Structures are given as C-alpha cells and as structure tokens.
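Structure below is structure.txt: compact mmCIF, C-alpha atoms.
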# COMPACT_ATOMS: atom_id res chain seq x y z
CA MET Z 1 -139.97 -85.43 150.60
CA ILE Z 2 -136.60 -83.94 151.44
CA TYR Z 3 -134.54 -86.20 149.13
CA TRP Z 4 -136.64 -85.37 146.10
CA ASN Z 5 -136.50 -81.66 146.94
CA LEU Z 6 -132.74 -81.86 147.32
CA PHE Z 7 -132.34 -83.70 144.05
CA ILE Z 8 -134.52 -81.25 142.11
CA ALA Z 9 -132.89 -78.20 143.71
CA PHE Z 10 -129.40 -79.39 142.88
CA ALA Z 11 -130.32 -80.67 139.44
CA LYS Z 12 -131.49 -77.12 138.78
CA VAL Z 13 -128.17 -75.81 140.06
CA GLY Z 14 -126.30 -78.24 137.81
CA LEU Z 15 -128.33 -77.28 134.77
CA LEU Z 16 -128.54 -73.51 135.24
CA GLY Z 17 -125.30 -72.94 137.11
CA TYR Z 18 -122.93 -71.03 134.96
CA GLY Z 19 -119.36 -69.86 135.32
CA GLY Z 20 -118.52 -72.44 137.96
CA GLY Z 21 -117.53 -72.12 141.59
CA LEU Z 22 -118.70 -69.08 143.47
CA ALA Z 23 -121.16 -68.01 140.78
CA ILE Z 24 -123.01 -71.27 141.40
CA VAL Z 25 -122.93 -70.94 145.19
CA ARG Z 26 -125.38 -68.05 145.08
CA LEU Z 27 -127.74 -70.15 142.96
CA ILE Z 28 -127.50 -73.00 145.48
CA TYR Z 29 -128.63 -70.78 148.32
CA ASP Z 30 -131.60 -69.48 146.35
CA SER Z 31 -132.76 -72.93 145.30
CA VAL Z 32 -132.54 -74.69 148.69
CA GLN Z 33 -134.00 -71.78 150.67
CA PRO Z 34 -137.67 -72.72 150.13
CA PHE Z 35 -137.38 -76.08 151.89
CA ILE Z 36 -134.28 -75.95 154.09
CA ASP Z 37 -134.12 -74.01 157.31
CA MET Z 38 -130.72 -72.40 157.02
CA THR Z 39 -129.54 -68.92 157.98
CA PRO Z 40 -127.20 -66.98 155.66
CA GLU Z 41 -124.50 -67.34 158.34
CA GLU Z 42 -124.83 -71.12 158.42
CA PHE Z 43 -124.70 -71.16 154.64
CA ALA Z 44 -121.65 -68.87 154.60
CA ASN Z 45 -119.88 -71.29 156.96
CA ILE Z 46 -120.68 -74.20 154.67
CA VAL Z 47 -119.32 -72.29 151.66
CA ALA Z 48 -116.16 -71.41 153.59
CA ILE Z 49 -115.54 -75.10 154.32
CA ALA Z 50 -116.41 -76.01 150.73
CA GLN Z 51 -113.80 -73.53 149.51
CA ILE Z 52 -110.95 -74.90 151.60
CA THR Z 53 -111.82 -78.54 150.92
CA PRO Z 54 -110.26 -80.05 147.79
CA GLY Z 55 -112.64 -80.56 144.87
CA PRO Z 56 -115.09 -78.39 142.96
CA VAL Z 57 -116.56 -75.71 145.24
CA SER Z 58 -120.13 -76.13 144.03
CA LEU Z 59 -120.02 -79.92 144.38
CA ASN Z 60 -118.56 -79.56 147.88
CA THR Z 61 -121.28 -77.11 148.82
CA ALA Z 62 -123.96 -79.43 147.45
CA THR Z 63 -122.61 -82.42 149.38
CA TYR Z 64 -122.39 -80.39 152.58
CA VAL Z 65 -125.87 -78.85 152.30
CA GLY Z 66 -127.32 -82.29 151.54
CA TYR Z 67 -125.50 -83.82 154.51
CA GLU Z 68 -126.57 -81.10 156.93
CA SER Z 69 -130.21 -81.32 155.90
CA ALA Z 70 -130.70 -85.07 155.37
CA GLY Z 71 -127.60 -87.03 156.43
CA LEU Z 72 -125.54 -89.34 154.24
CA ALA Z 73 -128.38 -90.10 151.82
CA GLY Z 74 -129.03 -86.35 151.52
CA ALA Z 75 -125.35 -85.77 150.69
CA PHE Z 76 -125.52 -88.43 148.00
CA VAL Z 77 -128.77 -87.19 146.48
CA ALA Z 78 -127.54 -83.58 146.38
CA SER Z 79 -124.21 -84.51 144.74
CA PHE Z 80 -125.96 -86.76 142.27
CA GLY Z 81 -128.37 -83.95 141.44
CA VAL Z 82 -125.52 -81.56 140.65
CA ILE Z 83 -123.65 -84.09 138.55
CA LEU Z 84 -126.44 -85.72 136.51
CA PRO Z 85 -127.67 -82.84 134.26
CA THR Z 86 -124.09 -81.76 133.58
CA PHE Z 87 -123.10 -85.31 132.75
CA ILE Z 88 -125.98 -85.78 130.31
CA LEU Z 89 -125.49 -82.38 128.68
CA VAL Z 90 -121.75 -82.82 128.18
CA SER Z 91 -122.24 -86.37 126.88
CA ILE Z 92 -124.59 -85.01 124.23
CA VAL Z 93 -122.39 -82.03 123.33
CA VAL Z 94 -119.20 -84.06 123.02
CA ARG Z 95 -120.96 -86.42 120.58
CA MET Z 96 -122.28 -83.45 118.59
CA VAL Z 97 -118.88 -81.79 118.46
CA GLN Z 98 -117.22 -84.97 117.25
CA LYS Z 99 -119.91 -85.65 114.69
CA PHE Z 100 -120.07 -82.13 113.29
CA ARG Z 101 -116.43 -81.14 113.88
CA ASN Z 102 -115.99 -80.28 110.22
CA SER Z 103 -119.15 -78.24 109.80
CA THR Z 104 -118.65 -74.53 109.32
CA VAL Z 105 -120.89 -73.63 112.25
CA VAL Z 106 -119.35 -75.94 114.88
CA ASN Z 107 -115.83 -75.25 113.68
CA GLY Z 108 -116.48 -71.51 113.68
CA ALA Z 109 -118.00 -71.66 117.16
CA ILE Z 110 -114.98 -73.49 118.54
CA GLN Z 111 -112.55 -71.16 116.77
CA GLY Z 112 -114.49 -68.26 118.23
CA ILE Z 113 -114.35 -69.44 121.84
CA ARG Z 114 -110.87 -70.93 121.81
CA PRO Z 115 -109.08 -67.63 122.53
CA ILE Z 116 -111.78 -66.87 125.11
CA ALA Z 117 -110.67 -69.90 127.11
CA ILE Z 118 -107.43 -68.01 127.74
CA GLY Z 119 -109.33 -64.84 128.66
CA LEU Z 120 -111.48 -66.80 131.14
CA VAL Z 121 -108.56 -68.52 132.82
CA ALA Z 122 -106.65 -65.23 133.03
CA SER Z 123 -109.67 -63.58 134.63
CA ALA Z 124 -109.81 -66.45 137.16
CA VAL Z 125 -106.26 -65.53 138.19
CA VAL Z 126 -107.49 -62.03 138.99
CA THR Z 127 -110.56 -63.31 140.87
CA LEU Z 128 -108.55 -65.80 142.91
CA ALA Z 129 -105.68 -63.43 143.65
CA VAL Z 130 -107.17 -61.68 146.69
CA PRO Z 131 -108.47 -64.75 148.57
CA SER Z 132 -105.26 -66.62 147.75
CA ILE Z 133 -102.62 -64.17 148.92
CA ALA Z 134 -104.52 -61.74 151.14
CA GLY Z 135 -107.20 -63.95 152.63
CA GLU Z 136 -107.81 -64.95 156.22
CA GLY Z 137 -105.21 -67.05 157.98
CA ARG Z 138 -101.74 -65.67 157.47
CA LEU Z 139 -98.86 -68.03 156.91
CA GLY Z 140 -96.58 -65.10 157.75
CA THR Z 141 -98.08 -64.82 161.23
CA GLY Z 142 -97.72 -68.58 161.56
CA LEU Z 143 -94.00 -68.23 160.80
CA ALA Z 144 -93.66 -65.36 163.28
CA ASN Z 145 -95.35 -67.47 165.96
CA MET Z 146 -93.11 -70.39 165.15
CA LEU Z 147 -90.02 -68.23 165.55
CA GLY Z 148 -91.33 -67.36 168.96
CA VAL Z 149 -91.13 -63.64 168.49
CA ALA Z 150 -94.30 -61.69 169.00
CA THR Z 151 -93.01 -58.18 168.52
CA ASP Z 152 -94.62 -55.82 166.07
CA THR Z 153 -91.38 -54.41 164.73
CA GLY Z 154 -88.82 -55.30 162.11
CA LEU Z 155 -89.25 -58.39 159.96
CA VAL Z 156 -91.90 -59.93 162.21
CA GLY Z 157 -93.99 -56.78 162.09
CA PHE Z 158 -93.63 -56.76 158.32
CA LEU Z 159 -94.76 -60.39 158.11
CA GLN Z 160 -97.79 -59.68 160.27
CA ASN Z 161 -98.91 -56.32 159.03
CA SER Z 162 -98.26 -56.21 155.31
CA PRO Z 163 -101.42 -55.95 153.20
CA VAL Z 164 -100.67 -59.30 151.54
CA ASP Z 165 -99.41 -62.47 153.15
CA ILE Z 166 -95.68 -62.41 152.33
CA ILE Z 167 -95.25 -66.17 152.69
CA SER Z 168 -98.16 -66.80 150.31
CA VAL Z 169 -96.54 -64.48 147.77
CA ILE Z 170 -93.24 -66.32 148.14
CA ILE Z 171 -95.03 -69.65 147.63
CA LEU Z 172 -96.77 -68.22 144.57
CA ILE Z 173 -93.51 -67.03 143.01
CA ALA Z 174 -91.71 -70.26 143.90
CA THR Z 175 -94.52 -72.23 142.23
CA VAL Z 176 -94.25 -70.21 139.03
CA VAL Z 177 -90.47 -70.65 138.92
CA LEU Z 178 -90.57 -74.38 139.73
CA VAL Z 179 -93.25 -75.19 137.16
CA ALA Z 180 -92.43 -72.74 134.35
CA LYS Z 181 -88.63 -72.76 134.56
CA TYR Z 182 -87.66 -76.07 136.13
CA LYS Z 183 -90.60 -78.04 134.66
CA LYS Z 184 -91.54 -79.61 137.99
CA SER Z 185 -94.81 -81.54 138.10
CA PRO Z 186 -97.69 -79.45 139.49
CA PHE Z 187 -98.67 -82.36 141.77
CA VAL Z 188 -95.19 -82.47 143.30
CA VAL Z 189 -95.22 -78.70 143.79
CA LEU Z 190 -98.66 -78.86 145.44
CA LEU Z 191 -97.45 -81.58 147.80
CA ILE Z 192 -94.29 -79.69 148.77
CA MET Z 193 -96.10 -76.38 149.28
CA GLY Z 194 -98.91 -78.06 151.24
CA CYS Z 195 -96.33 -79.56 153.60
CA ILE Z 196 -94.57 -76.20 154.00
CA GLY Z 197 -97.91 -74.59 154.82
CA ALA Z 198 -98.75 -77.31 157.33
CA VAL Z 199 -95.41 -76.80 159.09
CA LEU Z 200 -95.75 -73.01 159.18
CA GLY Z 201 -99.40 -73.03 160.20
CA VAL Z 202 -101.57 -69.95 160.26
CA ALA Z 203 -102.59 -67.48 162.91
CA MET C 1 -123.69 -126.49 112.36
CA TYR C 2 -120.51 -124.59 113.04
CA ASN C 3 -119.41 -125.06 109.46
CA ALA C 4 -122.71 -123.78 108.20
CA GLY C 5 -122.32 -120.78 110.45
CA THR C 6 -118.82 -119.95 109.29
CA GLY C 7 -119.78 -120.66 105.72
CA LEU C 8 -122.51 -118.09 105.78
CA LYS C 9 -120.59 -115.47 107.66
CA PRO C 10 -116.85 -115.83 107.32
CA VAL C 11 -116.16 -113.60 110.31
CA PRO C 12 -112.63 -114.06 111.69
CA VAL C 13 -113.93 -114.19 115.27
CA SER C 14 -116.07 -117.27 114.65
CA ILE C 15 -113.20 -119.01 112.90
CA ILE C 16 -111.00 -118.34 115.88
CA ILE C 17 -113.65 -119.68 118.21
CA ASN C 18 -114.07 -122.81 116.12
CA ALA C 19 -110.34 -123.34 115.98
CA GLY C 20 -110.22 -122.92 119.73
CA ARG C 21 -112.89 -125.56 120.20
CA ARG C 22 -111.20 -128.06 117.95
CA SER C 23 -107.63 -127.83 119.10
CA LEU C 24 -107.56 -127.21 122.84
CA GLN C 25 -106.32 -123.64 122.41
CA SER C 26 -109.25 -122.27 124.28
CA SER C 27 -106.99 -121.39 127.20
CA GLU C 28 -104.96 -119.15 124.92
CA LEU C 29 -108.13 -117.57 123.67
CA VAL C 30 -109.27 -116.91 127.21
CA GLY C 31 -105.84 -115.54 127.99
CA ALA C 32 -105.95 -113.21 124.98
CA SER C 33 -109.42 -111.98 125.76
CA LEU C 34 -108.43 -111.41 129.37
CA LEU C 35 -105.45 -109.43 128.13
CA VAL C 36 -107.73 -107.29 125.96
CA GLU C 37 -110.06 -106.83 128.90
CA SER C 38 -107.22 -105.87 131.20
CA ILE C 39 -105.92 -103.32 128.70
CA LYS C 40 -109.41 -101.84 128.57
CA MET C 41 -109.59 -101.93 132.35
CA ASN C 42 -106.20 -100.31 132.62
CA ALA C 43 -107.28 -97.43 130.43
CA LEU C 44 -110.39 -96.97 132.55
CA LEU C 45 -108.38 -97.32 135.74
CA GLU C 46 -105.95 -94.75 134.40
CA LEU C 47 -108.81 -92.33 133.72
CA PHE C 48 -110.21 -92.96 137.19
CA ILE C 49 -106.86 -92.35 138.87
CA VAL C 50 -106.18 -89.18 136.87
CA PHE C 51 -109.49 -87.64 137.85
CA PHE C 52 -109.42 -88.96 141.41
CA LYS C 53 -106.06 -87.22 141.86
CA LEU C 54 -107.48 -84.02 140.38
CA GLY C 55 -110.46 -84.15 142.73
CA ALA C 56 -108.28 -84.82 145.74
CA PHE C 57 -105.57 -82.26 145.04
CA THR C 58 -107.21 -79.13 143.71
CA ILE C 59 -108.61 -76.52 145.98
CA GLY C 60 -110.99 -74.18 144.20
CA GLY C 61 -112.19 -76.73 141.64
CA GLY C 62 -112.56 -76.31 137.87
CA VAL C 63 -110.05 -73.68 136.91
CA ALA C 64 -107.56 -74.83 139.55
CA MET C 65 -107.66 -78.24 137.89
CA LEU C 66 -106.63 -76.85 134.49
CA PRO C 67 -102.86 -76.73 135.04
CA LEU C 68 -102.83 -80.25 136.49
CA LEU C 69 -105.03 -81.61 133.74
CA GLN C 70 -102.89 -79.86 131.14
CA ASN C 71 -99.76 -81.40 132.60
CA ILE C 72 -101.21 -84.92 132.69
CA LEU C 73 -103.12 -84.96 129.42
CA ILE C 74 -100.59 -83.17 127.20
CA LYS C 75 -97.18 -83.82 128.74
CA GLU C 76 -97.40 -87.02 130.78
CA LYS C 77 -99.94 -89.20 128.99
CA LYS C 78 -99.78 -87.40 125.63
CA TRP C 79 -103.48 -88.12 125.12
CA PHE C 80 -104.21 -84.73 123.53
CA THR C 81 -102.41 -81.95 121.68
CA GLU C 82 -102.50 -78.42 123.05
CA GLU C 83 -105.14 -77.48 120.47
CA GLU C 84 -107.35 -80.41 121.44
CA PHE C 85 -106.93 -79.55 125.10
CA LEU C 86 -107.94 -75.95 124.39
CA ASP C 87 -111.04 -77.20 122.61
CA ILE C 88 -111.91 -79.19 125.73
CA VAL C 89 -111.36 -76.12 127.91
CA ALA C 90 -113.36 -73.87 125.61
CA VAL C 91 -116.32 -76.23 125.28
CA THR C 92 -116.49 -77.22 128.95
CA GLN C 93 -116.35 -73.59 130.05
CA SER C 94 -119.13 -72.71 127.65
CA LEU C 95 -121.50 -75.28 129.14
CA PRO C 96 -123.44 -74.83 132.37
CA GLY C 97 -122.69 -76.90 135.43
CA VAL C 98 -119.62 -77.72 137.48
CA ILE C 99 -116.59 -77.18 135.25
CA ALA C 100 -114.62 -80.02 136.86
CA ILE C 101 -117.46 -82.44 136.11
CA ASN C 102 -117.76 -81.07 132.58
CA MET C 103 -114.06 -81.66 131.97
CA ALA C 104 -114.12 -85.17 133.45
CA THR C 105 -117.13 -86.15 131.34
CA TYR C 106 -115.65 -84.63 128.18
CA VAL C 107 -112.16 -86.08 128.55
CA GLY C 108 -113.52 -89.46 129.66
CA TYR C 109 -115.78 -89.64 126.63
CA LYS C 110 -113.07 -88.62 124.16
CA LYS C 111 -110.77 -91.24 125.65
CA LYS C 112 -113.04 -94.21 126.31
CA GLY C 113 -116.61 -93.39 125.30
CA PHE C 114 -119.55 -93.46 127.67
CA ILE C 115 -117.93 -95.77 130.25
CA GLY C 116 -114.89 -93.52 130.23
CA SER C 117 -116.97 -90.45 130.97
CA LEU C 118 -118.77 -92.28 133.78
CA VAL C 119 -115.54 -93.49 135.37
CA SER C 120 -113.88 -90.06 135.10
CA THR C 121 -116.86 -88.28 136.58
CA ILE C 122 -117.06 -90.64 139.54
CA GLY C 123 -113.31 -90.28 139.96
CA VAL C 124 -113.39 -86.50 140.14
CA ALA C 125 -116.44 -86.37 142.44
CA LEU C 126 -115.51 -89.11 144.90
CA PRO C 127 -112.71 -87.36 146.86
CA SER C 128 -114.86 -84.28 147.19
CA PHE C 129 -117.77 -86.34 148.56
CA VAL C 130 -115.65 -88.23 151.09
CA LEU C 131 -113.65 -85.19 152.21
CA ILE C 132 -116.75 -83.10 152.79
CA LEU C 133 -118.26 -85.82 154.96
CA ILE C 134 -115.04 -85.92 156.99
CA MET C 135 -114.93 -82.13 157.23
CA ALA C 136 -118.57 -81.95 158.28
CA ASN C 137 -117.90 -84.31 161.16
CA ALA C 138 -114.57 -82.83 162.18
CA ILE C 139 -115.28 -79.19 161.51
CA SER C 140 -114.94 -77.93 165.07
CA SER C 141 -111.38 -79.25 165.18
CA VAL C 142 -110.37 -78.54 161.57
CA GLY C 143 -111.59 -74.95 161.59
CA ASP C 144 -109.16 -74.08 164.35
CA ASN C 145 -106.43 -76.43 163.30
CA SER C 146 -103.39 -74.34 162.41
CA ILE C 147 -101.73 -77.22 160.53
CA ALA C 148 -104.70 -77.98 158.28
CA MET C 149 -105.42 -74.30 157.66
CA GLY C 150 -101.73 -73.64 156.96
CA ALA C 151 -101.67 -76.41 154.35
CA MET C 152 -104.85 -75.03 152.78
CA ALA C 153 -103.47 -71.47 152.63
CA ALA C 154 -100.29 -72.71 150.98
CA LEU C 155 -102.28 -74.80 148.49
CA ARG C 156 -104.38 -71.78 147.53
CA ALA C 157 -101.27 -69.71 146.78
CA THR C 158 -99.76 -72.63 144.83
CA ALA C 159 -102.94 -73.09 142.80
CA LEU C 160 -102.87 -69.40 141.88
CA GLY C 161 -99.28 -69.76 140.65
CA LEU C 162 -100.16 -72.88 138.66
CA ILE C 163 -103.10 -71.18 136.95
CA ALA C 164 -100.99 -68.18 136.05
CA VAL C 165 -98.40 -70.46 134.46
CA ALA C 166 -101.15 -72.31 132.57
CA VAL C 167 -102.31 -69.04 130.99
CA PHE C 168 -98.88 -68.47 129.47
CA GLN C 169 -98.38 -72.09 128.48
CA LEU C 170 -101.72 -72.36 126.69
CA ALA C 171 -101.70 -68.90 125.14
CA PRO C 172 -99.58 -69.77 122.06
CA ALA C 173 -101.96 -72.59 121.05
CA ALA C 174 -105.05 -70.44 121.58
CA ILE C 175 -103.74 -67.23 120.07
CA LYS C 176 -102.54 -67.88 116.56
CA ASN C 177 -103.28 -64.57 114.90
CA LYS C 178 -104.05 -60.97 115.75
CA TRP C 179 -107.82 -61.57 115.83
CA ALA C 180 -107.48 -64.35 118.38
CA ALA C 181 -105.21 -62.12 120.46
CA LEU C 182 -107.77 -59.33 120.28
CA ALA C 183 -110.54 -61.75 121.29
CA ALA C 184 -108.56 -63.11 124.27
CA VAL C 185 -107.65 -59.64 125.54
CA SER C 186 -111.12 -58.18 125.04
CA SER C 187 -112.83 -61.15 126.76
CA PHE C 188 -110.46 -60.68 129.71
CA ILE C 189 -111.27 -56.96 129.90
CA MET C 190 -115.00 -57.58 129.56
CA ILE C 191 -114.98 -59.98 132.51
CA VAL C 192 -112.48 -58.31 134.81
CA ALA C 193 -113.02 -54.61 134.17
CA PHE C 194 -116.68 -54.49 133.14
CA ASN C 195 -117.95 -57.43 135.19
CA ILE C 196 -119.89 -58.80 132.23
CA ASP C 197 -121.39 -62.24 132.81
CA THR C 198 -119.16 -65.06 131.53
CA ALA C 199 -122.09 -66.65 129.71
CA ILE C 200 -122.69 -63.47 127.70
CA VAL C 201 -119.01 -63.09 126.84
CA ILE C 202 -118.84 -66.69 125.62
CA LEU C 203 -122.05 -66.31 123.62
CA ILE C 204 -120.76 -63.16 121.91
CA PHE C 205 -117.54 -64.81 120.76
CA LEU C 206 -119.31 -68.03 119.85
CA LEU C 207 -121.60 -66.09 117.50
CA LEU C 208 -118.69 -64.03 116.18
CA GLY C 209 -116.83 -67.26 115.44
CA ILE C 210 -119.79 -68.72 113.57
CA ALA C 211 -120.36 -65.48 111.67
CA SER C 212 -116.73 -65.17 110.64
CA ALA C 213 -116.60 -68.82 109.61
CA THR C 214 -119.77 -68.52 107.53
CA VAL C 215 -118.62 -65.34 105.84
CA GLY C 216 -115.13 -66.81 105.43
CA SER C 217 -116.41 -69.95 103.76
CA ARG C 218 -118.60 -67.93 101.37
CA LYS C 219 -115.67 -65.74 100.47
CA LEU C 220 -113.52 -68.78 99.98
CA LYS C 221 -116.09 -70.40 97.75
CA SER C 222 -116.33 -67.41 95.46
CA ALA C 223 -112.83 -65.95 95.55
CA GLU C 224 -110.56 -68.92 96.14
CA ALA C 225 -112.40 -71.49 94.10
CA THR C 226 -109.48 -71.45 91.70
CA GLY C 227 -106.88 -71.25 94.49
CA GLN C 228 -104.69 -73.98 95.91
CA ILE C 229 -106.95 -74.88 98.83
CA PRO C 230 -109.36 -77.68 97.97
CA GLN C 231 -112.99 -76.75 98.48
CA SER C 232 -113.69 -79.28 101.25
CA LYS C 233 -110.62 -78.26 103.20
CA ALA C 234 -111.49 -74.61 102.78
CA ASP C 235 -114.86 -75.33 104.37
CA ALA C 236 -113.32 -77.21 107.29
CA ASN C 237 -110.82 -74.49 107.99
CA ALA C 238 -113.04 -71.54 107.26
CA SER C 239 -112.24 -69.30 110.20
CA ASP C 240 -109.89 -66.64 111.46
CA LYS C 241 -107.14 -69.22 111.50
CA ASN C 242 -107.63 -70.09 107.90
CA ASP C 243 -105.05 -67.72 106.44
CA GLU C 244 -102.27 -69.21 108.50
CA GLU C 245 -103.25 -72.84 108.14
CA GLY C 246 -103.79 -72.48 104.43
CA GLY C 247 -100.35 -70.96 104.12
CA GLU C 248 -98.45 -73.61 105.99
CA PRO C 249 -98.45 -76.44 103.46
CA LYS C 250 -96.76 -74.34 100.73
Show this structure as structure tokens.
Amino acid sequence: MIYWNLFIAFAKVGLLGYGGGLAIVRLIYDSVQPFIDMTPEEFANIVAIAQITPGPVSLNTATYVGYESAGLAGAFVASFGVILPTFILVSIVVRMVQKFRNSTVVNGAIQGIRPIAIGLVASAVVTLAVPSIAGEGRLGTGLANMLGVATDTGLVGFLQNSPVDIISVIILIATVVLVAKYKKSPFVVLLIMGCIGAVLGVA
Amino acid sequence: MYNAGTGLKPVPVSIIINAGRRSLQSSELVGASLLVESIKMNALLELFIVFFKLGAFTIGGGVAMLPLLQNILIKEKKWFTEEEFLDIVAVTQSLPGVIAINMATYVGYKKKGFIGSLVSTIGVALPSFVLILIMANAISSVGDNSIAMGAMAALRATALGLIAVAVFQLAPAAIKNKWAALAAVSSFIMIVAFNIDTAIVILIFLLLGIASATVGSRKLKSAEATGQIPQSKADANASDKNDEEGGEPK
C-alpha cells in the first residue's frame, strides 16, 4: 500500500529529521528508496525545485515526492506524515516547558541553549551564503542580457565572470541597510527584491 | 427549576441566562457571545494569516522564516518579548522535525492553545503544499523561466540579508553575560569549522545549562541563604544569568 508506506516513511523523517532543511533531505531519500522507484538524479531535481519553492524545504520535498509517486492523495499523505509527529512532539514539549518553566532543570536547559540559538542562526548564514550569492542562475548575466551587450569585457564581463553574483551581493547589502538602518518591513523588502529579480531575470 | 439551579450554584453565567430569558435581552446575549466568538476567531485568523504569509514568502524554510517571524511577533503584534522569542527559537531548533512546523505549533499553542497550534501549522504548510503542486505541473516551463528564476535568485539573496540582520538583532537578548557569549561563539565554531552535528551541539549546551543551574542553585542555597534574593526566586533564576538578574532590582 503506497499511501501507508509514504505516511510511515515521512512520519519517520518528521520524527528523526534533525537540523531542518537539507539535513532532512538526505533522510527522505533513504527512507523512500525501498518502495519508490526513483533515481538519484530525479530526486536531485525534486530537491532543487523544493529549494526554490517558498516554504520549508523538507515539507516541499515530501509533498513533491508524494505527488510524483502517488498523485494528489500521495502528496497529502506525505505532507501529513512529515507534519504529524512534529506537531505532537512540539505540543507536548510546549506544555512541559510552560508547566515546569520554574524548575531548575528546565530553566537551566533553556538558559543553556538560548545563546546557541544565535550560534545556529549565524551558522545558517554561512551555510546559505554560497547558494544564495554564488549559486546557479546569475542575476548579473540577466542584467547584461537586458542591456543588450554580450561582450566579455568591462562592466559586463565583470558582471558575468566574477566569482559571486554581483547583483545578488548588491541585493544582500541593500536588504541589510533597508531592514537594519531604515527599519523597513522584511515582507516589503522581499516583495521589492523579488520584483527586481523578476525584471532582471537570470541567464 | 431555574431558581433551584441558580440557588444551588450561583454562577454568574446562569444568572445572565435566566435574566436573558425573562426580559427579552436574549438578542443582546447572542450579540455578546457572537462578539466573543468573533474576537476568538480573529485571533485564530490572525495566527493563520501570519503563518500563511510566512509559508508563502520564505524560500529556504525554517531559518529564513526567523527574521519575518521576529518582525511580526515582537515588533508588529507585540505578542512576545525578545527573550520569549529566543526561547521559542531555542526550543524549536532543539526538537526534531521541520523547524517551520515546530515554530508554528509552538507559537500557535502559546497564543491560542491547541486550536491555535493547529491553525498555525495548517497556515504555514498550506502555501508550500499548493505551490509544490503547481510547480510539479508547470516545471518544464518554470525551470527555464528567466522571470521566475530571477525572482527566486533575488529572494534567496534577500533572505540571506534578513537572516544576517536577525543574528545581530537577537544577539543582545541571547547574550547577556560573558558565558553566554562564549557559548554562542563556540557553538558557531563547532558547527561551521568542525562540522559537528547540530543535535550534538545542542545536547552539549543543554546539559551544560542544566549542570550550571543545578550547581548554581545548590551554591545559592548554601551561600546566599542569608542574602537578599528570596530562596524561591533564587531557584527560578539559578543559571548563568543569575548574577545579573539578581543585581538589577537593587
């Protein structure tokens, strides 16, 4: 029964998956392999789409794998499988934390991991840096194409051949300035930058 | 019968209901209860919209959602303080599963109990579900679509900037003394430079926190029993932070 297999496989992913995102993707491949006929290339394509689609990467991957292997119902069962164990676990933990917030152990545990939250988020910046500003699809090349100049020299050559995507770096810096200095809403900044990217396009 | 009922249990609600039955004010009562219901609904709707927006806007999931969530929960809605928000981040990152789902469930529960966590979780998962189905059907065109890919590339760079800003905005609330600073820096180095599994890093600092709190509370009990900090409060605050918090009220 494919639906049951999907549910169990993704419930396992939801329960054992740790560290979020790409760390979980590996676990997804291992757990669906026994009953889904899917080459590593096909899986890599699914992950690539999951990464560029809004939403949690692992949930996107689950939905996509479920859809590819068993249609709409498969997509639903796989997503549900990923969500359910997490939902139950967090519901229990949040009650525990609230109930025992003043106990030495729970309070100590939270005090211990609070600074680590910063360390984790900072390390995510490092992990995301390369795919975000030096990944495939250059906005700089898109700009060069838009300007209608296809030479490899001067500014255009710089836009096309620099090790990082210059436009992405500019967007990154502009985001930091807009949010940190001018207190713009992150949603507004995302909308503006998304539109700029859509206009520039990639190549 | 009604009188007997109210006589036995003088609960305000039953009195109100009785009054409503006697003097044609039942419409007001219905109106009031509808109002209460709509306020409840609004809070749930608010939760749903917040997490739906997060699901629809963030590329990369969990961590990419942090800056947006921080902005909404602390600045816009003022639902949580920075410390409370950090607790949410710390706990949800320590648990297995999809971080975005963890955060939605946690925040939803803290705000509106079980229904809140359900609504938030559905809210954060729904855009993802719908968008993937669209992508799966349109992939041949989207994959080569310069406009869509351009928007995605720009969103990735923006998300990176937002996360970087979040680190600096949240740091003061998370790092209140030199031990916390040391913990933050060493966890960062352990993950980035030594590639140590996140779960192990979290476990280490979780145990260190418990150990320091236990030792701290014992020390407090013996050494500061005659001090200014009341015993119960000393227990609650027994941690690295204790020195600073204990000092503030003076």
**Prompt:** Hey, what's within 10 Å of range 126-128 of chain C if we count only C-alpha atoms and toss same-chain stuff fewer than 2 positions away? As a PyMOL selection string, please?
**Reply:** (chain Z and resi 50+53-57+59-61+63+79) or (chain C and resi 51-58+61+120-124+130-134)
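Minimum distance to Leu190 in chain Z across Z:Val105, Z:Ile88, Z:Leu178, Z:Met146 (counting all atoms listed in the file) occurs at Z:Leu178.
Between chain Z and the candidates C:Pro172, C:Gly216, C:Pro96, C:Gly108, the tightest atom-to-atom separation, counting only C-alpha atoms, involves C:Pro96.
Non-sequential neighbours of range 92-100 of chain Z (distance at most 8 Å, separation of 6 or more positions within a chain, only C-alpha atoms) are Val106 of chain Z; Tyr106, Tyr109 and Lys110 of chain C.
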Residues as selected, C-alpha atoms, written as a compact mmCIF listing (two decimals), keeping the file's coordinate frame, can you do that?
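To be explicit, this is the file written out as again14.txt:
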# COMPACT_ATOMS: atom_id res chain seq x y z
CA VAL Z 106 -119.35 -75.94 114.88
CA TYR C 106 -115.65 -84.63 128.18
CA TYR C 109 -115.78 -89.64 126.63
CA LYS C 110 -113.07 -88.62 124.16
Might you pull out every residue within 9 Å of Leu27 in chain Z, with only C-alpha atoms counted and same-chain residues fewer than 2 positions away left off, and present them as a PDB file with C-alpha atoms, in the frame of the given file?
ATOM      1  CA  LYS Z  12    -131.490 -77.120 138.780  1.00  0.00           C
ATOM      2  CA  VAL Z  13    -128.170 -75.810 140.060  1.00  0.00           C
ATOM      3  CA  LEU Z  16    -128.540 -73.510 135.240  1.00  0.00           C
ATOM      4  CA  GLY Z  17    -125.300 -72.940 137.110  1.00  0.00           C
ATOM      5  CA  ALA Z  23    -121.160 -68.010 140.780  1.00  0.00           C
ATOM      6  CA  ILE Z  24    -123.010 -71.270 141.400  1.00  0.00           C
ATOM      7  CA  VAL Z  25    -122.930 -70.940 145.190  1.00  0.00           C
ATOM      8  CA  TYR Z  29    -128.630 -70.780 148.320  1.00  0.00           C
ATOM      9  CA  ASP Z  30    -131.600 -69.480 146.350  1.00  0.00           C
ATOM     10  CA  SER Z  31    -132.760 -72.930 145.300  1.00  0.00           C
ATOM     11  CA  VAL Z  32    -132.540 -74.690 148.690  1.00  0.00           C
TER      12      VAL Z  32
END
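Proximity to Ile88 in chain C was assessed for Z:Ile110, Z:Val82, Z:Ile133, Z:Ile36 counting only C-alpha atoms; the smallest distance is recorded for Z:Ile110.
Compared by their closest atoms to Leu128 in chain Z, and using only C-alpha atoms, the residues Z:Asn45, Z:Ser91, Z:Gln51, Z:Thr175 rank with Z:Gln51 nearest.
CA of Val192 in chain C to CA of Leu120 in chain Z spans 9.3 Å [interatomic distance, one decimal].
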**Prompt:** What is the CA of Ser212 in chain C-CA of Ala109 in chain Z distance in Å, reported with one decimal?
**Reply:** 9.3 Å
**Request:** Would you mind listing what lies within 12 Å of Leu207 in chain C as a ChimeraX atom specification, with only C-alpha atoms counted and same-chain residues fewer than 2 positions away left out?
**Result:** /Z:105-113 /C:200-205,209-214
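Note that CA of Arg26 in chain Z and CA of Glu42 in chain Z are 13.7 Å apart.
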**Thr158 in chain C surroundings by all atoms listed in the file, 8 Å radius, close-in-sequence under 4 positions cut, as a count of residues only** = 8
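Candidate residues C:Ile115, C:Ile147, C:Ala104, C:Leu35 were compared for distance to chain Z, and the nearest is C:Ile147, using all atoms listed in the file.
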**Fill in**
Min atom-atom distance to Val98 in chain C from the set C:Val167, C:Ala157, C:Leu47, C:Met65, counting all atoms listed in the file, belongs to C:Met65
